[in-house]
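Shown next: target08.txt, given as compact mmCIF, C-alpha atoms.
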# COMPACT_ATOMS: atom_id res chain seq x y z
CA MET Z 236 32.92 -23.12 -11.89
CA LYS Z 237 31.74 -21.89 -8.47
CA SER Z 238 32.39 -18.23 -7.73
CA GLU Z 239 33.74 -16.58 -4.61
CA LEU Z 240 31.30 -14.55 -2.50
CA LYS Z 241 33.09 -11.32 -1.63
CA ILE Z 242 31.43 -9.13 1.00
CA LYS Z 243 32.33 -5.67 2.25
CA LEU Z 244 31.23 -4.24 5.58
CA ASP Z 245 28.84 -1.83 3.89
CA ASP Z 246 27.02 -4.80 2.26
CA LYS Z 247 25.08 -5.09 5.51
CA GLU Z 248 22.09 -7.07 4.27
CA VAL Z 249 24.29 -9.65 2.53
CA LEU Z 250 26.60 -9.88 5.56
CA VAL Z 251 23.68 -10.38 7.96
CA ASN Z 252 22.11 -13.07 5.75
CA VAL Z 253 25.39 -14.97 5.45
CA GLY Z 254 26.03 -14.63 9.18
CA LYS Z 255 22.56 -15.98 9.95
CA ALA Z 256 23.01 -18.88 7.53
CA LEU Z 257 26.31 -19.91 9.13
CA SER Z 258 25.18 -19.37 12.72
CA SER Z 259 23.55 -22.81 12.89
CA PRO Z 260 25.66 -26.01 13.19
CA MET Z 261 22.89 -27.88 11.34
CA ARG Z 262 23.01 -25.47 8.40
CA ILE Z 263 26.79 -25.79 8.28
CA ASP Z 264 26.36 -29.58 8.17
CA ILE Z 265 23.78 -29.25 5.37
CA LEU Z 266 26.13 -26.97 3.43
CA GLU Z 267 28.92 -29.54 3.76
CA PHE Z 268 26.51 -32.30 2.65
CA LEU Z 269 25.46 -30.34 -0.44
CA SER Z 270 29.10 -29.55 -1.29
CA MET Z 271 29.56 -33.26 -2.00
CA LYS Z 272 26.68 -33.43 -4.48
CA PRO Z 273 23.32 -31.71 -5.12
CA ALA Z 274 20.29 -33.20 -3.33
CA ILE Z 275 16.55 -32.66 -3.07
CA ILE Z 276 15.12 -31.34 0.19
CA SER Z 277 13.59 -34.67 1.21
CA ASP Z 278 17.00 -36.34 0.90
CA VAL Z 279 18.46 -33.65 3.17
CA ALA Z 280 15.74 -34.30 5.74
CA THR Z 281 16.32 -38.07 5.58
CA HIS Z 282 20.10 -37.79 5.82
CA PHE Z 283 19.95 -35.63 8.96
CA SER Z 284 16.84 -37.27 10.46
CA ILE Z 285 14.99 -33.98 10.72
CA PRO Z 286 11.41 -33.04 9.72
CA LEU Z 287 10.92 -32.04 6.11
CA SER Z 288 9.63 -28.63 7.23
CA SER Z 289 12.84 -28.01 9.22
CA ALA Z 290 15.01 -29.02 6.27
CA ALA Z 291 13.05 -26.65 4.02
CA LEU Z 292 13.57 -23.73 6.45
CA HIS Z 293 17.32 -24.40 6.67
CA ILE Z 294 17.53 -24.61 2.87
CA LYS Z 295 15.62 -21.32 2.50
CA THR Z 296 18.03 -19.55 4.87
CA LEU Z 297 21.06 -20.84 2.93
CA GLU Z 298 19.42 -19.80 -0.36
CA ILE Z 299 18.65 -16.25 0.85
CA ALA Z 300 22.32 -15.93 1.83
CA GLY Z 301 23.35 -16.81 -1.73
CA LEU Z 302 25.30 -19.87 -0.57
CA ILE Z 303 23.19 -22.46 -2.43
CA SER Z 304 20.84 -22.59 -5.41
CA VAL Z 305 17.39 -24.22 -5.35
CA GLN Z 306 15.95 -25.34 -8.68
CA PRO Z 307 12.55 -26.98 -9.31
CA ILE Z 308 12.82 -30.33 -11.11
CA PRO Z 309 10.10 -32.80 -12.14
CA GLY Z 310 9.59 -35.81 -9.84
CA SER Z 311 7.37 -38.85 -9.54
CA LYS Z 312 5.22 -37.04 -6.99
CA GLY Z 313 5.24 -33.62 -8.59
CA ALA Z 314 7.86 -30.90 -8.66
CA GLN Z 315 10.81 -31.24 -6.30
CA LYS Z 316 13.57 -28.82 -5.40
CA LEU Z 317 17.18 -29.67 -6.19
CA CYS Z 318 19.71 -27.90 -3.97
CA GLY Z 319 23.38 -27.32 -4.74
CA VAL Z 320 26.26 -25.21 -3.45
CA LEU Z 321 26.85 -21.96 -5.36
CA VAL Z 322 30.10 -20.60 -3.94
CA SER Z 323 33.52 -22.03 -3.23
CA LYS Z 324 34.57 -19.38 -0.72
CA VAL Z 325 33.18 -16.51 1.36
CA ASP Z 326 35.55 -13.56 1.66
CA ILE Z 327 34.66 -10.75 4.09
CA ASP Z 328 36.65 -7.55 3.55
CA ILE Z 329 36.77 -5.96 7.02
CA LEU Z 330 39.19 -3.16 6.15
CA ARG Z 331 37.78 -0.49 3.86
CA GLU Z 332 39.71 0.10 0.65
CA ASN Z 333 40.76 3.66 1.41
CA ILE Z 334 44.30 3.25 0.13
CA ILE Z 335 44.61 3.75 -3.61
CA ASN Z 336 46.85 1.28 -5.42
CA PRO Z 337 50.06 3.30 -5.88
CA HIS Z 338 50.72 1.51 -9.19
CA LEU Z 339 47.33 2.44 -10.68
CA LEU Z 340 47.70 5.15 -13.33
CA PHE Z 341 44.25 5.25 -14.91
CA HIS Z 342 40.77 3.82 -14.29
CA GLU Z 343 37.88 3.86 -16.79
CA ASP Z 344 34.41 2.43 -16.21
CA MET Z 345 32.68 1.65 -19.52
CA PRO Z 346 28.88 1.11 -19.46
CA ILE Z 347 28.11 -2.04 -21.44
CA GLY Z 348 25.74 -0.15 -23.74
CA CYS Z 349 28.50 2.23 -24.88
CA TYR Z 350 29.81 -0.08 -27.60
CA PHE Z 351 31.17 1.59 -30.73
CA ASP Z 352 30.39 -1.30 -33.07
CA TYR Z 353 28.48 -4.56 -32.87
CA GLU Z 354 27.24 -7.58 -34.77
CA VAL Z 355 24.66 -9.87 -33.19
CA SER Z 356 22.48 -12.83 -34.10
CA PRO Z 357 19.31 -13.96 -32.30
CA PRO Z 358 18.54 -15.17 -29.76
CA CYS Z 359 19.65 -11.80 -28.44
CA GLY Z 360 18.44 -8.98 -26.30
CA ILE Z 361 19.28 -5.83 -24.39
CA VAL Z 362 17.64 -4.45 -21.23
CA SER Z 363 18.09 -1.62 -18.76
CA GLU Z 364 17.37 -1.89 -15.04
CA ILE Z 365 13.87 -0.56 -15.81
CA SER Z 366 12.69 -2.38 -18.96
CA ASP Z 367 13.53 -4.05 -22.26
CA LEU Z 368 15.33 -1.84 -24.79
CA GLY Z 369 13.72 -3.38 -27.86
CA ALA Z 370 11.87 -6.54 -28.72
CA GLU Z 371 13.44 -9.80 -27.56
CA ASP Z 372 15.41 -11.62 -30.28
CA SER Z 373 15.37 -8.45 -32.40
CA ILE Z 374 18.47 -6.37 -33.12
CA SER Z 375 16.42 -3.15 -33.02
CA GLY Z 376 17.46 -2.34 -29.46
CA PHE Z 377 21.14 -2.63 -30.34
CA PHE Z 378 21.10 0.49 -32.53
CA SER Z 379 18.63 2.47 -30.45
CA PRO Z 380 19.95 5.60 -28.67
CA GLU Z 381 18.56 4.01 -25.51
CA ARG Z 382 21.26 1.31 -25.71
CA TYR Z 383 23.50 3.48 -23.50
CA LYS Z 384 21.18 2.57 -20.60
CA ALA Z 385 21.84 -1.17 -21.06
CA GLN Z 386 22.49 -3.26 -17.94
CA LEU Z 387 22.33 -6.74 -19.53
CA ILE Z 388 23.15 -7.74 -23.10
CA TRP Z 389 22.94 -11.24 -24.52
CA LEU Z 390 23.65 -12.77 -27.93
CA THR Z 391 24.17 -16.15 -29.57
CA HIS Z 392 27.09 -15.21 -31.78
CA GLY Z 393 28.58 -11.92 -32.86
CA TYR Z 394 30.48 -9.27 -30.94
CA LEU Z 395 30.46 -5.97 -29.06
CA GLU Z 396 33.37 -3.58 -29.61
CA TYR Z 397 34.36 -0.76 -27.25
CA ARG Z 398 36.87 2.07 -27.50
CA PHE Z 399 38.97 2.97 -24.46
CA SER Z 400 41.29 5.89 -23.88
CA ASN Z 401 45.03 5.24 -24.37
CA THR Z 402 46.18 8.84 -23.82
CA ILE Z 403 48.13 8.04 -20.66
CA LEU Z 404 50.13 5.34 -22.47
CA LYS Z 405 51.69 8.03 -24.66
CA SER Z 406 53.00 10.12 -21.77
CA THR Z 407 53.58 7.79 -18.83
CA PRO Z 408 55.43 4.45 -18.54
CA ALA Z 409 52.93 1.60 -18.11
CA ASN Z 410 53.38 -2.16 -18.21
CA LYS Z 411 49.92 -3.62 -17.50
CA ILE Z 412 46.42 -3.02 -18.89
CA GLN Z 413 43.62 -4.89 -17.14
CA PHE Z 414 39.94 -5.45 -17.99
CA THR Z 415 37.35 -6.92 -15.61
CA PHE Z 416 33.70 -7.66 -16.33
CA GLU Z 417 30.86 -10.02 -15.38
CA ILE Z 418 29.93 -12.61 -18.00
CA CYS Z 419 28.36 -16.03 -18.55
CA SER Z 420 27.09 -18.18 -21.42
CA GLU Z 421 23.64 -17.75 -23.01
CA ALA Z 422 21.19 -20.67 -22.98
CA LEU Z 423 17.41 -20.86 -23.17
CA GLY Z 424 16.39 -19.79 -19.66
CA TYR Z 425 19.57 -20.85 -17.89
CA ASN Z 426 21.79 -23.92 -17.90
CA HIS Z 427 24.77 -24.30 -15.57
CA ASN Z 428 26.38 -26.78 -17.98
CA TRP Z 429 26.34 -24.77 -21.20
CA ARG Z 430 29.88 -24.00 -22.28
CA SER Z 431 30.71 -21.10 -24.55
CA ASP Z 432 34.05 -20.05 -26.04
CA VAL Z 433 34.11 -16.25 -25.87
CA SER Z 434 36.84 -14.56 -27.91
CA ILE Z 435 38.66 -11.39 -26.90
CA TRP Z 436 40.23 -9.03 -29.43
CA MET Z 437 42.49 -6.05 -28.75
CA ASN Z 438 42.96 -3.58 -31.60
CA GLY Z 439 41.50 -6.17 -33.98
CA THR Z 440 43.83 -9.02 -32.93
CA GLU Z 441 42.35 -12.04 -31.16
CA ILE Z 442 44.35 -12.60 -27.99
CA GLY Z 443 42.54 -15.55 -26.39
CA LEU Z 444 39.37 -17.33 -25.30
CA ILE Z 445 37.33 -17.14 -22.14
CA GLU Z 446 35.77 -20.54 -21.42
CA CYS Z 447 32.37 -19.78 -19.89
CA PRO Z 448 31.12 -23.00 -18.26
CA GLY Z 449 27.45 -22.13 -18.09
CA ASP Z 450 24.53 -19.72 -18.02
CA TYR Z 451 23.73 -19.18 -14.35
CA GLY Z 452 20.33 -19.05 -12.67
CA GLY Z 453 18.37 -20.77 -9.95
CA ARG Z 454 18.56 -17.82 -7.60
CA LYS Z 455 18.12 -14.10 -8.06
CA GLY Z 456 21.15 -12.09 -9.13
CA LYS Z 457 22.08 -9.87 -6.20
CA LEU Z 458 21.55 -6.67 -8.18
CA ASN Z 459 18.70 -7.73 -10.47
CA PRO Z 460 15.50 -5.65 -10.54
CA TYR Z 461 12.32 -7.16 -9.12
CA TRP Z 462 10.68 -7.53 -12.54
CA TRP Z 463 13.41 -9.73 -14.04
CA ASN Z 464 12.06 -13.26 -14.64
CA ASP Z 465 13.38 -15.83 -12.15
CA SER Z 466 13.60 -18.45 -14.93
CA SER Z 467 16.06 -16.32 -16.94
CA THR Z 468 19.81 -15.73 -16.64
CA GLN Z 469 20.61 -14.22 -13.23
CA TYR Z 470 24.35 -13.67 -12.76
CA GLY Z 471 27.80 -14.39 -14.16
CA ASP Z 472 31.44 -14.81 -13.20
CA LEU Z 473 33.77 -11.86 -12.73
CA ARG Z 474 36.51 -12.47 -15.29
CA LYS Z 475 39.85 -10.70 -15.61
CA ILE Z 476 42.07 -10.07 -18.64
CA TRP Z 477 45.36 -8.27 -18.68
CA ILE Z 478 47.99 -7.39 -21.23
CA THR Z 479 51.60 -6.81 -20.17
CA ASP Z 480 55.08 -6.56 -21.66
CA ASN Z 481 55.28 -10.36 -21.23
CA GLY Z 482 52.04 -11.45 -22.89
CA CYS Z 483 48.27 -11.64 -22.47
CA PHE Z 484 46.58 -13.39 -19.55
CA ILE Z 485 43.04 -14.51 -18.79
CA ASP Z 486 42.37 -15.26 -15.12
CA GLU Z 487 46.13 -15.65 -14.46
CA MET Z 488 46.65 -18.09 -17.36
CA LYS Z 489 48.86 -16.93 -20.22
CA VAL Z 490 46.96 -17.17 -23.50
CA SER Z 491 49.09 -15.20 -25.94
CA ASN Z 492 52.55 -13.71 -26.49
CA HIS Z 493 51.08 -10.44 -27.72
CA THR Z 494 52.17 -7.41 -25.70
CA ILE Z 495 51.11 -3.79 -25.21
CA THR Z 496 53.61 -2.79 -27.89
CA SER Z 497 52.90 -5.57 -30.42
CA LEU Z 498 49.17 -4.85 -30.22
CA GLY Z 499 49.81 -1.12 -30.72
CA LEU Z 500 47.78 -0.21 -27.67
CA ASN Z 501 49.92 2.89 -27.20
CA LYS Z 502 49.35 4.07 -30.78
CA GLY Z 503 46.52 6.03 -32.34
CA ASN Z 504 43.83 7.89 -30.44
CA PHE Z 505 42.25 4.93 -28.60
CA MET Z 506 42.44 1.17 -28.08
CA THR Z 507 39.66 -1.20 -29.07
CA PHE Z 508 38.37 -3.99 -26.84
CA LYS Z 509 36.10 -6.49 -28.56
CA ILE Z 510 34.27 -9.41 -26.97
CA GLY Z 511 32.19 -11.97 -28.83
CA VAL Z 512 31.39 -15.51 -29.91
CA LYS Z 513 32.52 -16.58 -33.37
CA ALA Z 514 30.12 -18.44 -35.64
CA ASP Z 515 32.70 -21.24 -35.97
CA ALA Z 516 33.55 -21.46 -32.25
CA GLU Z 517 33.92 -25.01 -30.96
CA TYR Z 518 31.42 -24.19 -28.20
CA MET Z 519 29.04 -21.56 -29.55
CA GLY Z 520 27.11 -21.05 -26.33
CA GLY Z 521 26.57 -17.31 -26.65
CA LEU Z 522 27.22 -14.75 -23.94
CA ASN Z 523 25.53 -12.58 -21.33
CA LEU Z 524 27.36 -9.36 -20.42
CA PHE Z 525 26.29 -7.65 -17.18
CA GLY Z 526 26.29 -3.97 -16.24
CA GLU Z 527 26.59 -2.42 -12.79
CA LYS Z 528 22.89 -2.91 -11.95
CA PHE Z 529 22.49 -6.55 -13.02
CA GLY Z 530 24.05 -9.81 -11.86
CA ASP Z 531 26.22 -10.11 -8.76
CA TYR Z 532 28.93 -7.47 -9.24
CA PRO Z 533 28.22 -3.71 -9.19
CA GLN Z 534 30.48 -2.74 -12.08
CA ASN Z 535 30.52 -2.26 -15.83
CA ILE Z 536 33.53 -3.12 -18.02
CA VAL Z 537 36.43 -1.71 -16.02
CA MET Z 538 39.78 -0.90 -17.60
CA GLU Z 539 42.79 -0.09 -15.43
CA ILE Z 540 46.32 0.83 -16.46
CA PHE Z 541 49.25 0.16 -14.15
CA ASN Z 542 52.97 0.67 -13.92
CA GLU Z 543 53.99 -2.22 -11.65
CA ILE Z 544 57.62 -2.27 -10.58

Serialized structure, C-alpha cells:
Amino acid sequence: MKSELKIKLDDKEVLVNVGKALSSPMRIDILEFLSMKPAIISDVATHFSIPLSSAALHIKTLEIAGLISVQPIPGSKGAQKLCGVLVSKVDIDILRENIINPHLLFHEDMPIGCYFDYEVSPPCGIVSEISDLGAEDSISGFFSPERYKAQLIWLTHGYLEYRFSNTILKSTPANKIQFTFEICSEALGYNHNWRSDVSIWMNGTEIGLIECPGDYGGRKGKLNPYWWNDSSTQYGDLRKIWITDNGCFIDEMKVSNHTITSLGLNKGNFMTFKIGVKADAEYMGGLNLFGEKFGDYPQNIVMEIFNEI
C-alpha cells in the first residue's frame, strides 16, 4: 500500500525537494517508468538512453524528495540498487488550517509510551528520539519510568492498552470518536511484503483488524533521528479508526456493528483503546507504533470526539 505525501507550506524543505524533483521532464518520465515496476539504476539508464551517472543523479533527487525508495540488492557484478515508487499521490495544502472544525468537541494527543497496560513478546523494543529505552528484545524498557519518552515501539505479538478521557461524552451529545496513528508491521530489518493482522479493542471488545501490508524501510523516515539505523524500520502508514452510532470503521470500511453506546464508551471514568497482535492471528507479523518524532507523521495517538450533524 503506497501512502500519500501530504505537504504543508511550512514544510519548506520537503516542498523544495519535491519541487526540485518534479521540475525536470526526465525525472517525471523516470517516475512514471518506476510506477510501472521497480527497476535497477542501470535499467533506467538503458531505457532512457542516458549515462549511468545521469540516471543515478536523477534517482538520488527523487529519493531525497521521498518519492521513491532505493534499496541495495545483490547482483552478479556486486550490489545493485533497486528503485521503486513510494507514494501514490502528492497533496500540497496551500491554505493554512486556521479554521477549527466546528464539529470537533475534544482532542487528545496520547504519547505512545503512556500505555496503562501491556503484554509483549520478543522481538520487541522501545526507543526515544535520543536513545534505546532498554535492551533490544528485552521487555525491561516497557516497565521503565522512561517509557513515557518513547517515540517508537515494536513487538511481535502482544498489546499496548491506553486510557482516554470520556468526560465530554457524559455532558455533550457526540456521535463519532476517531483515532489516528502511524503504524506498520514488524519484520527483521524491514520487509515491504510482511503482512500483519493488528487487532483493535475498545473497552475490552475487539472491534476489527488493521491489515498492515509491510514493514517499511529503504529510505529514512522524515522525522527519524540521525542515529537510527538505515537498515531498520523507517516509517508507517497513517491509519484511521472511528466509532459512531452506526458502527465501527477502519479507513472508511465498516468492520463492526458495535457503537459508542454498545461499547459503553460513555460509561465509567475513561475509555480503553488497545492495539496488538494476537498469538493466533492469521498473519502474526508484529507491529511498529510511531510517536511524533519518528516515522513520517508528526503525531502520537490522536483521539478526537465529534458531534457531526

Near region 382-398 of chain Z, 12 Å: region 475-536 of chain Z residue rows, closest pairs, all atoms listed in the file, as a tab-separated table:
residue	atom	partner	partner_atom	distance
Z:Leu500	CA	Z:Arg398	CA	11.1
Z:Gly503	CA	Z:Arg398	CA	11.5
Z:Asn504	CA	Z:Arg398	CA	9.5
Z:Phe505	CA	Z:Arg398	CA	6.2
Z:Met506	CA	Z:Arg398	CA	5.7
Z:Thr507	CA	Z:Arg398	CA	4.6
Z:Phe508	CA	Z:Tyr397	CA	5.2
Z:Lys509	CA	Z:Glu396	CA	4.1
Z:Ile510	CA	Z:Tyr394	CA	5.5
Z:Gly511	CA	Z:Tyr394	CA	3.8
Z:Val512	CA	Z:His392	CA	4.7
Z:Lys513	CA	Z:His392	CA	5.8
Z:Ala514	CA	Z:His392	CA	5.9
Z:Asp515	CA	Z:His392	CA	9.2
Z:Ala516	CA	Z:His392	CA	9.0
Z:Glu517	CA	Z:His392	CA	12.0
Z:Tyr518	CA	Z:His392	CA	10.6
Z:Met519	CA	Z:His392	CA	7.0
Z:Gly520	CA	Z:Thr391	CA	6.6
Z:Gly521	CA	Z:Thr391	CA	4.0
Z:Leu522	CA	Z:Trp389	CA	5.6
Z:Asn523	CA	Z:Trp389	CA	4.3
Z:Leu524	CA	Z:Ile388	CA	5.2
Z:Phe525	CA	Z:Leu387	CA	4.7
Z:Gly526	CA	Z:Gln386	CA	4.2
Z:Glu527	CA	Z:Gln386	CA	6.6
Z:Lys528	CA	Z:Gln386	CA	6.0
Z:Phe529	CA	Z:Gln386	CA	5.9
Z:Gly530	CA	Z:Leu387	CA	8.4
Z:Asp531	CA	Z:Leu387	CA	11.9
Z:Tyr532	CA	Z:Gln386	CA	11.6
Z:Pro533	CA	Z:Gln386	CA	10.5
Z:Gln534	CA	Z:Gln386	CA	9.9
Z:Asn535	CA	Z:Gln386	CA	8.4
Z:Ile536	CA	Z:Tyr397	CA	9.6

Interatomic distance, CA of Gly424 (chain Z) to CA of Gly443 (chain Z) (Å, one decimal): 27.3 Å

Is there a way to get, as a PDB file with C-alpha atoms, in the coordinates of the input, all residues within 12 Å of the point (24.5, -30.8, -4.9) in file coordinates, counting only C-alpha atoms?
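Listing of point_37.pdb after writing:
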ATOM      1  CA  ILE Z 265      23.780 -29.250   5.370  1.00  0.00           C
ATOM      2  CA  LEU Z 266      26.130 -26.970   3.430  1.00  0.00           C
ATOM      3  CA  GLU Z 267      28.920 -29.540   3.760  1.00  0.00           C
ATOM      4  CA  PHE Z 268      26.510 -32.300   2.650  1.00  0.00           C
ATOM      5  CA  LEU Z 269      25.460 -30.340  -0.440  1.00  0.00           C
ATOM      6  CA  SER Z 270      29.100 -29.550  -1.290  1.00  0.00           C
ATOM      7  CA  MET Z 271      29.560 -33.260  -2.000  1.00  0.00           C
ATOM      8  CA  LYS Z 272      26.680 -33.430  -4.480  1.00  0.00           C
ATOM      9  CA  PRO Z 273      23.320 -31.710  -5.120  1.00  0.00           C
ATOM     10  CA  ALA Z 274      20.290 -33.200  -3.330  1.00  0.00           C
ATOM     11  CA  ILE Z 275      16.550 -32.660  -3.070  1.00  0.00           C
ATOM     12  CA  ILE Z 276      15.120 -31.340   0.190  1.00  0.00           C
ATOM     13  CA  ASP Z 278      17.000 -36.340   0.900  1.00  0.00           C
ATOM     14  CA  VAL Z 279      18.460 -33.650   3.170  1.00  0.00           C
ATOM     15  CA  LEU Z 302      25.300 -19.870  -0.570  1.00  0.00           C
ATOM     16  CA  ILE Z 303      23.190 -22.460  -2.430  1.00  0.00           C
ATOM     17  CA  SER Z 304      20.840 -22.590  -5.410  1.00  0.00           C
ATOM     18  CA  VAL Z 305      17.390 -24.220  -5.350  1.00  0.00           C
ATOM     19  CA  GLN Z 306      15.950 -25.340  -8.680  1.00  0.00           C
ATOM     20  CA  LYS Z 316      13.570 -28.820  -5.400  1.00  0.00           C
ATOM     21  CA  LEU Z 317      17.180 -29.670  -6.190  1.00  0.00           C
ATOM     22  CA  CYS Z 318      19.710 -27.900  -3.970  1.00  0.00           C
ATOM     23  CA  GLY Z 319      23.380 -27.320  -4.740  1.00  0.00           C
ATOM     24  CA  VAL Z 320      26.260 -25.210  -3.450  1.00  0.00           C
ATOM     25  CA  LEU Z 321      26.850 -21.960  -5.360  1.00  0.00           C
ATOM     26  CA  VAL Z 322      30.100 -20.600  -3.940  1.00  0.00           C
TER      27      VAL Z 322
END

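The shortest atom-to-atom distance to Thr479 (chain Z), with all atoms listed in the file taken into account, belongs to Z:Glu543 out of Z:Glu381, Z:Glu543, Z:Asp326, Z:Asp450.
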
I need every residue sitting at most 9 Å from the point (34.1, -4.8, -2.0) (coordinates as in the file, only C-alpha atoms considered), written as a ChimeraX atom specification. /Z:241-246,327-328,331-332

Between Z:Ile476, Z:Met345, Z:Ile299, Z:Met488, single out the one closest to Glu248 (chain Z), counting only C-alpha atoms.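 Closest to Glu248 (chain Z) of all the choices is Z:Ile299.
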
Restricting the calculation to only C-alpha atoms, which member of Z:Ser375, Z:Ser258, Z:Gln315, Z:Ser467 is positioned closest to Ile361 (chain Z)?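 Going through Z:Ser375, Z:Ser258, Z:Gln315, Z:Ser467 one by one, the smallest distance to Ile361 (chain Z) is for Z:Ser375.
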
Counting only C-alpha atoms, which of Z:Asn252, Z:Asn410, Z:Ser497, Z:Ser379 gets nearest to Gly439 (chain Z)?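 The answer is Z:Ser497, which sits nearest to Gly439 (chain Z).
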
Contact residues around Glu441 (chain Z) with only C-alpha atoms at 10 Å, ignoring same-chain residues under 3 positions, as an MDAnalysis selection string: chainID Z and resid 434:438 444 491 493 498 508:510

Rank Z:Phe351, Z:Phe378, Z:Phe283, Z:Phe414 by their smallest atom-to-atom distance to Glu539 (chain Z), using all atoms listed in the file, and report the top residue only.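 Closest to Glu539 (chain Z) of all the choices is Z:Phe414.
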
Counting all atoms listed in the file, the option among Z:Lys295, Z:Lys489, Z:His342, Z:Lys255 closest to Gln413 (chain Z):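 With all atoms listed in the file as the atom set, the closest residue is Z:His342.
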
Using CA of Val490 (chain Z) and CA of Arg474 (chain Z) as the two end points, give the distance in Å to one decimal.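 Distance reported for this atom pair: 14.1 Å.
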
One-decimal distance in Å that lies between CA of Phe416 (chain Z) and CA of Leu473 (chain Z): 5.5 Å

For Ser277 (chain Z), find every residue with an atom within 10 Å (counting all atoms listed in the file), except residues of its own chain fewer than 5 positions away, and show them as a PDB file with C-alpha atoms, keeping the file's coordinate frame.
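Result written to selection-v4.pdb:
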ATOM      1  CA  HIS Z 282      20.100 -37.790   5.820  1.00  0.00           C
ATOM      2  CA  ILE Z 285      14.990 -33.980  10.720  1.00  0.00           C
ATOM      3  CA  PRO Z 286      11.410 -33.040   9.720  1.00  0.00           C
ATOM      4  CA  LEU Z 287      10.920 -32.040   6.110  1.00  0.00           C
ATOM      5  CA  SER Z 288       9.630 -28.630   7.230  1.00  0.00           C
ATOM      6  CA  ALA Z 290      15.010 -29.020   6.270  1.00  0.00           C
ATOM      7  CA  ALA Z 291      13.050 -26.650   4.020  1.00  0.00           C
ATOM      8  CA  GLN Z 315      10.810 -31.240  -6.300  1.00  0.00           C
ATOM      9  CA  LYS Z 316      13.570 -28.820  -5.400  1.00  0.00           C
ATOM     10  CA  LEU Z 317      17.180 -29.670  -6.190  1.00  0.00           C
TER      11      LEU Z 317
END

What's around Pro408 (chain Z) at 10 Å? Count all atoms listed in the file, leave out sequence neighbours fewer than 2 positions away in its own chain, and write the answer as number ranges by chain. Z: 340, 403-406, 410-411, 541-543

Selection: 9 Å around Trp463 (chain Z), all atoms listed in the file, excl. self and same-chain fewer than 6 positions, as a count of residues only: 4

Export of region 515-526 of chain Z: C-alpha atoms, as an mmCIF file, in the first residue's frame:
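In the end it all went to out27.cif:
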data_model
loop_
_atom_site.group_PDB
_atom_site.id
_atom_site.type_symbol
_atom_site.label_atom_id
_atom_site.label_comp_id
_atom_site.auth_asym_id
_atom_site.auth_seq_id
_atom_site.Cartn_x
_atom_site.Cartn_y
_atom_site.Cartn_z
ATOM 1 C CA ASP Z 515 -3.211 -16.899 16.968
ATOM 2 C CA ALA Z 516 -3.523 -14.171 14.308
ATOM 3 C CA GLU Z 517 -3.608 -15.489 10.742
ATOM 4 C CA TYR Z 518 -0.766 -13.098 9.872
ATOM 5 C CA MET Z 519 1.321 -12.592 13.004
ATOM 6 C CA GLY Z 520 3.663 -10.006 11.538
ATOM 7 C CA GLY Z 521 4.047 -7.849 14.630
ATOM 8 C CA LEU Z 522 3.698 -4.079 14.743
ATOM 9 C CA ASN Z 523 5.675 -0.842 14.899
ATOM 10 C CA LEU Z 524 3.896 2.100 16.534
ATOM 11 C CA PHE Z 525 5.349 5.560 15.868
ATOM 12 C CA GLY Z 526 5.377 8.674 18.038
#
